[in-house]
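Below: one structure, written as C-alpha cells.
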Amino acid sequence: MPQASTAKSLQAGASTRKYRTREELIRFVLFLCAFLSVLTTLSIIAILAWEAYSFFREVGVFDFLAGTRWTPLLEPRSFGVLPLVAGTLQIVVGASLIAIPVGLASAIYLAEFASSQVRRVLKPVLEILAGIPTVVYGYFALTFVTPLIAGIFPSTQIFNAASASIVVGIMVLPMTASLCDDALRAVPESLRQGAFALGATQFEVTLRVVLPAALSGVMASFVLAASRAIGETMAVTLAAGATPRMTLDPLQSIQTMTAYIVQVSLGDTPVGTVEYQTIFAVAALLFTITLGMNIIAQRVLARFREVYE
Amino acid sequence: MKSDRLRRRHATAKIFRLLCAAVAWAGVVILAVLLFHVTREGIRWLDFQFLTEFPSRFPEQAGIKSALWGTVWLITLTAAISIPVGVAAAIYLEEFSPKNRLSQLIEVNIGNLAGVPSIVYGILGLVLFVRFLALGRSVLAGSLTMTLLILPVIIIAAREALRAVPDSIRQAAFALGATRWQAVRAQVLPVALPGILTGVILALSRAIGETAPLVMIGALTYVAFVPEGPMDAFTALPIQIFNWASRPQEDFHQLAAAGIIVLLVTLLLMNATAVWIRQRAERTGR
C-alpha cells in the first residue's frame with residue numbers, strides 16, 4: 001500500500017524533526033551551563049576592575065603598589081600595599097619551606113618505594129588532610145602550634161607569622177605530594193630499568209634519572225602550592241594577626257592580603273568609601289597574582305604531558 | 001668483598017629511603033596530633049545541649065543550633081543548584097562540544113577558576129548576589145556563591161566519570177537509532193552515575209568547610225534563629241567556629257573545638273559515603 005507507506009514516512013519525518021529540535025534545545029541548555037563558567041570569570045574581572053578603578057581615581061597606582069605604609073582605616077591614612085604583600089610573602093615562603101621538601105619526599109616515597117598496601121594507607125590520609133577545612137587549621141595554629149613555638153621562643157607574639165606558615169604548609173602539603181606523585185609516576189618504567197641495569201642504586205635512580213625527567217611536573221606543583229598559600233584566608237586571619245608591617249621576624253604579628261579583606265568585611269567600614277574600596281584593590285592584586293601563577297603552572301604541566309603521553 | 005665506595009652508595013640509598021619514609025609517615029602523625037588535640041579540647045563541651053542551643057555570650061549555654069541548621073540549608077540549596085548545572089556542563093563538554101576555540105576557552109577557563117582563591121568568590125558573591133541582585137545576606141546568596149565556587153570541582157569530577165564510560169556503549173545506542181541526548185540520558189549517565197556522585201559529594205564536603213566566602217557575603221556571626229526560607233539570614237558551622245576561635249577566652253576556644261568535632265564527623269561521614277559508592281560501583285564491575 002503506497003499510500004500508507006508515504007504516511008508512515010511522513011510521520012517518521014515529523015518525529016525526526018521533532019527530535020532534532022528537542023536535541024538542539026537540550027544541546028543549547030547544556031552549552032549555557034558550560035558557558036556559565038566563562039561568565040563567572042568575566043564577572044570576577046569586571047567587578048574587580050570596576051571597583052579598583054574607582055579606588056585608583058582617589059589613590060595613585062604608584063602610591064598603592066610601591067607604598068610601604070598600610071593604614072587605610074586610621075588617620076593619617078596611607079595606602080601602600082607592600083606591607084600586606086610582604087606579610088603574604090612571608091607566609092608563602094614559610095609554607096613552602098614545609099610543603100616543598102615534605103611533599104616531594106612523600107611523593108618520592110609513594111611513587112618509588114612504597115608497596116601498594118602502604119599507598120592504600122597513605123593516600124587516603126593525605127586526602128583527609130587535604131579535606132580538613134582551613135578554619136580548623138587556623139584553630140590548630142592558634143591553640144596548638146603557637147603555644148608550641150612560644151615554648152621554644154618566649155618572645156613569640158600570640159599572633160605570629162610562623163605558626164600560620166606552618167599550618168598553611170601542612171594544608172598545601174597534600175596537594176604538592178599528590179601532584180609530585182603523579183609527575184613521578186608518569187616517568188616511563190624503562191628509564192628506571194635502564195639506570196638499574198647500569199648498576200645505579202635506588203637513590204641514584206631517583207635523584208639523577210626519575211626526578212630530572214619529572215622536573216617540570218614537580219616545578220608546576222610547587223608553583224600551584226605557592227599560589228594556594230597566597231590565597232589561603234582563614235588560617236592566616238586567625239593565626240597571623242592584623243598588623244600590616246614589613247618585618248622578617250616570623251615571631252611577630254603581621255597581616256596578609258586575604259586577612260585584610262576579611263578584617264574590613266567583618267568591621268563596620270561604610271560601603272562606597274575609599275577605605276572600603278581598598279578590599280577590591282587588594283583583591284584585584286590577589287586575583288592577578290594567583291591567576292598568573294596558575295597559568296604558568298598549567299603551561300609547564302602541558303609541556304610535560306606532551307613528552308610522555 | 002665490596003669496595004668502600006659501593007658500600008657508601010648503598011648506605012646513602014638506605015638512608016634516603018628511610019628519610020623519605022619518615023617524612024611520608026609524618027603526614028599520619030600530623031593528622032593524629034590534630035585530631036587528638038581537637039578531641040581533647042572539645043569533647044567536654046560536646047553534648048546534646050550543644051547541638052540544640054543557640055549561640056550565647058555564656059559558654060555554658062552556647063550551642064550550634066543555628067549554625068547547624070544554617071549549614072543544612074546552605075548545603076541543600078547549593079546541592080540543588082550546583083549538581084544539575086555542573087553535570088549539564090560536564091555532559092556538554094564531554095559529549096556534545098565541537099572541537100573549536102570556544103570549547104577550548106571554556107575548558108581552560110574552568111581549570112583557571114578552580115585555582116581562584118575562595119575569598120575572591122566571596123567578593124563576587126557580595127557584589128553580584130548580595131548587592132546587585134539584592135538578595136541580601138540570605139541563604140540563597142550564600143548558596144549561589146558556594147555554587148560558583150564548587151562548580152569547577154563538580155564539572156572536572158563529572159567529566160572524568162563520563163570519560164571513563166566506554167565508547168562502545170555510545171556506539172551501540174547510536175546504532176539502534178538513538179540521538180546523542182538519548183544515548184547520554186539512557187546509557188552513558190547511568191553508567192557514570194557512581195563516579196559523578198563521588199565527585200559531587202567531595203565537592204559538597206568542600207563547601208561545608210568553606211568559611212572565607214561566607215564571611216565576605218556577611219553571613220552573620222550571631223544568629224539566634226533557624227532560617228525558615230531561602231531569603232532568611234543565616235550563620236554556618238565554620239563561621240561559628242571562626243567566631244569562637246577568634247575570641248580570646250579559653251572557654252570559647254574549647255567551644256570552637258567542639259564545633260570542629262561536629263564539622264569533622266560530618267565531613268568524615270560524607271567522605272565515607274563517597275568511598276562506599278565508589279567501591280560498590282567497582283564491585284558490580286562497572
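Identifiers in the C-alpha cells: chain A, B, ... in order shown; residue index from 1 per chain; ligand index from 1 in order shown.
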**Study point:** Test item: residues at most 8 Å from range 178-190 of chain A, only C-alpha atoms, excluding those fewer than 4 positions along its chain, as JSON, numbers by chain
**Key:** {"A": [103, 104, 107, 108, 110, 111, 174, 194, 210, 211, 213, 214, 215, 217, 218, 221, 308]}
Among range 107-238 of chain B, which residues carry a DSSP assignment of alpha helix (DSSP H), reported as a PyMOL selection string?
chain B and resi 107-113+118-125+139-163+167-175+180-183+189-209+212-217+237-238
For C-alpha atoms, I'd like the residues from the last selection saved as a short mmCIF file (atom, residue, chain, number, x, y, z; two decimals), in the first residue's frame.
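To be explicit, this is the file written out as part.cif:
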data_model
loop_
_atom_site.label_atom_id
_atom_site.label_comp_id
_atom_site.auth_asym_id
_atom_site.auth_seq_id
_atom_site.Cartn_x
_atom_site.Cartn_y
_atom_site.Cartn_z
CA GLU B 107 37.97 24.19 29.29
CA VAL B 108 40.98 26.39 30.06
CA ASN B 109 38.70 28.75 31.92
CA ILE B 110 37.33 26.02 34.19
CA GLY B 111 40.87 24.98 35.03
CA ASN B 112 41.70 28.56 35.96
CA LEU B 113 38.54 29.04 38.00
CA SER B 118 37.83 31.30 47.67
CA ILE B 119 37.81 34.80 49.11
CA VAL B 120 37.61 36.22 45.58
CA TYR B 121 34.40 34.21 45.09
CA GLY B 122 33.23 35.84 48.30
CA ILE B 123 33.76 39.28 46.78
CA LEU B 124 31.97 38.17 43.61
CA GLY B 125 29.03 36.94 45.71
CA VAL B 139 20.92 31.67 52.50
CA LEU B 140 20.20 31.94 48.78
CA ALA B 141 23.02 34.45 48.22
CA GLY B 142 25.34 32.15 50.18
CA SER B 143 24.28 29.10 48.19
CA LEU B 144 24.75 30.85 44.84
CA THR B 145 28.23 31.96 45.90
CA MET B 146 29.07 28.42 47.01
CA THR B 147 27.68 27.08 43.74
CA LEU B 148 30.07 29.22 41.69
CA LEU B 149 32.90 28.13 43.98
CA ILE B 150 32.36 24.37 43.65
CA LEU B 151 31.11 24.24 40.04
CA PRO B 152 34.63 23.77 38.61
CA VAL B 153 35.22 20.90 41.04
CA ILE B 154 31.93 19.20 40.11
CA ILE B 155 32.49 19.72 36.38
CA ILE B 156 36.01 18.30 36.48
CA ALA B 157 34.90 15.24 38.51
CA ALA B 158 31.79 14.60 36.38
CA ARG B 159 33.83 14.85 33.17
CA GLU B 160 36.23 12.25 34.45
CA ALA B 161 33.33 9.93 35.27
CA LEU B 162 31.82 10.45 31.80
CA ARG B 163 35.16 9.91 30.11
CA ASP B 167 32.71 4.38 23.79
CA SER B 168 31.15 1.08 22.74
CA ILE B 169 28.12 1.91 24.89
CA ARG B 170 27.53 5.14 22.99
CA GLN B 171 28.08 3.48 19.62
CA ALA B 172 25.63 0.70 20.47
CA ALA B 173 22.99 3.29 21.33
CA PHE B 174 23.65 5.24 18.11
CA ALA B 175 23.43 2.02 16.10
CA ARG B 180 23.01 11.86 21.21
CA TRP B 181 20.91 13.06 24.13
CA GLN B 182 19.00 9.75 24.26
CA ALA B 183 22.29 7.86 24.35
CA LEU B 189 24.68 8.75 32.55
CA PRO B 190 23.56 5.64 34.47
CA VAL B 191 26.98 4.07 33.99
CA ALA B 192 28.79 7.26 35.02
CA LEU B 193 26.48 7.92 37.97
CA PRO B 194 28.60 6.41 40.79
CA GLY B 195 31.63 8.40 39.64
CA ILE B 196 29.62 11.60 39.35
CA LEU B 197 28.09 11.06 42.80
CA THR B 198 31.50 10.55 44.36
CA GLY B 199 32.76 13.79 42.84
CA VAL B 200 29.65 15.69 43.88
CA ILE B 201 29.88 14.52 47.49
CA LEU B 202 33.55 15.53 47.67
CA ALA B 203 32.73 18.95 46.19
CA LEU B 204 29.90 19.48 48.67
CA SER B 205 32.13 18.47 51.56
CA ARG B 206 34.45 21.24 50.44
CA ALA B 207 31.53 23.67 50.50
CA ILE B 208 30.65 22.64 54.07
CA GLY B 209 34.07 23.67 55.33
CA ALA B 212 36.01 32.90 53.72
CA PRO B 213 33.29 33.41 51.06
CA LEU B 214 30.57 33.30 53.75
CA VAL B 215 32.43 35.85 55.86
CA MET B 216 32.62 38.09 52.77
CA ILE B 217 28.94 37.94 51.91
CA LEU B 237 29.14 25.88 61.22
CA PRO B 238 32.58 27.11 60.02
#
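Applying a distance limit of 6 Å to only C-alpha atoms, the residues of chain A near chain B read Leu30, Phe31, Cys33, Ala34, Ile44, Ala105, Ser106, Tyr109, Pro133, Phe203, Gly231 and Ser265 of chain A.
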Those same residues, written as a PDB file, in the first residue's frame with N, CA and C atoms?
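So the final result, stored in selection_34.pdb, reads:
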ATOM      1  N   LEU A  30      22.568  22.784  27.705  1.00  0.00           N
ATOM      2  CA  LEU A  30      23.826  22.238  28.228  1.00  0.00           C
ATOM      3  C   LEU A  30      24.975  23.211  27.974  1.00  0.00           C
ATOM      4  N   PHE A  31      24.958  23.813  26.788  1.00  0.00           N
ATOM      5  CA  PHE A  31      26.009  24.771  26.454  1.00  0.00           C
ATOM      6  C   PHE A  31      25.989  25.957  27.414  1.00  0.00           C
ATOM      7  N   CYS A  33      25.036  26.022  30.477  1.00  0.00           N
ATOM      8  CA  CYS A  33      25.604  25.620  31.758  1.00  0.00           C
ATOM      9  C   CYS A  33      27.136  25.654  31.701  1.00  0.00           C
ATOM     10  N   ALA A  34      27.694  25.192  30.597  1.00  0.00           N
ATOM     11  CA  ALA A  34      29.144  25.193  30.465  1.00  0.00           C
ATOM     12  C   ALA A  34      29.663  26.625  30.329  1.00  0.00           C
ATOM     13  N   ILE A  44      33.954  38.231  37.621  1.00  0.00           N
ATOM     14  CA  ILE A  44      35.028  38.496  38.595  1.00  0.00           C
ATOM     15  C   ILE A  44      35.906  39.635  38.088  1.00  0.00           C
ATOM     16  N   ALA A 105      59.398  14.641  49.226  1.00  0.00           N
ATOM     17  CA  ALA A 105      59.897  13.402  49.812  1.00  0.00           C
ATOM     18  C   ALA A 105      58.773  12.383  49.964  1.00  0.00           C
ATOM     19  N   SER A 106      57.590  12.855  50.385  1.00  0.00           N
ATOM     20  CA  SER A 106      56.449  11.936  50.491  1.00  0.00           C
ATOM     21  C   SER A 106      56.121  11.336  49.127  1.00  0.00           C
ATOM     22  N   TYR A 109      58.611   8.755  48.162  1.00  0.00           N
ATOM     23  CA  TYR A 109      58.347   7.515  48.899  1.00  0.00           C
ATOM     24  C   TYR A 109      57.155   6.774  48.291  1.00  0.00           C
ATOM     25  N   PRO A 133      38.871  21.519  56.689  1.00  0.00           N
ATOM     26  CA  PRO A 133      38.600  22.941  56.402  1.00  0.00           C
ATOM     27  C   PRO A 133      39.685  23.857  56.964  1.00  0.00           C
ATOM     28  N   PHE A 203      68.627   5.272  45.180  1.00  0.00           N
ATOM     29  CA  PHE A 203      68.841   6.691  45.435  1.00  0.00           C
ATOM     30  C   PHE A 203      69.301   7.403  44.177  1.00  0.00           C
ATOM     31  N   GLY A 231      46.461  32.489  48.404  1.00  0.00           N
ATOM     32  CA  GLY A 231      45.027  32.718  48.508  1.00  0.00           C
ATOM     33  C   GLY A 231      44.430  32.243  49.810  1.00  0.00           C
ATOM     34  N   SER A 265      35.696  43.334  55.911  1.00  0.00           N
ATOM     35  CA  SER A 265      34.323  42.878  55.721  1.00  0.00           C
ATOM     36  C   SER A 265      33.666  42.531  57.054  1.00  0.00           C
TER      37      SER A 265
END
Would you give me, as a tab-separated table, each residue of range 245-283 of chain A having an atom within 7 Å of an atom of range 78-98 of chain A, along with its shortest atom pair and that distance in Å to one decimal, using only C-alpha atoms and sorting by chain and residue number?
residue	atom	partner	partner_atom	distance
A:Arg245	CA	A:Pro83	CA	4.8
A:Met246	CA	A:Pro83	CA	5.0
A:Ile254	CA	A:Gly87	CA	5.8
A:Gln255	CA	A:Gly87	CA	5.5
A:Thr256	CA	A:Thr88	CA	4.6
A:Met257	CA	A:Leu84	CA	5.1
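Atom to atom, CA of Leu269 in chain B and CA of Val223 in chain B stand 26.4 Å apart.
If only C-alpha atoms are the atoms counted, then among B:Met231, B:Leu135, B:Ala236, B:Leu176 the closest residue to Ile75 in chain B is B:Ala236.
We find CA of Ser3 in chain B and CA of Glu204 in chain A to be spaced 17.5 Å apart.
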Go through range 39-263 of chain A and collect every residue that DSSP, computed from the backbone, puts in strand (DSSP E); the answer should be as a VMD selection string.
chain A and resid 70 to 71 78 to 79
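Here CA of Leu74 in chain A and CA of Leu142 in chain A stand 26.8 Å from one another.
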For range 49-62 of chain B, list every protein, DNA or RNA residue within 8 Å, evaluated using only C-alpha atoms, and leave out those in the same chain fewer than 5 positions away; present the list as a ChimeraX atom specification.
/B:68,222-225,251-252,255
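Of the residues listed (A:Leu286, A:Ala240, A:Ile132, A:Met234), A:Met234 shows the shortest atom-to-atom separation from Val262 in chain A; distances use only C-alpha atoms.
Comparing the minimum interatomic distances between Pro154 in chain A and each of A:Leu251, A:Arg17, A:Trp50, A:Phe56, counting only C-alpha atoms, we find that A:Leu251 sits nearest.
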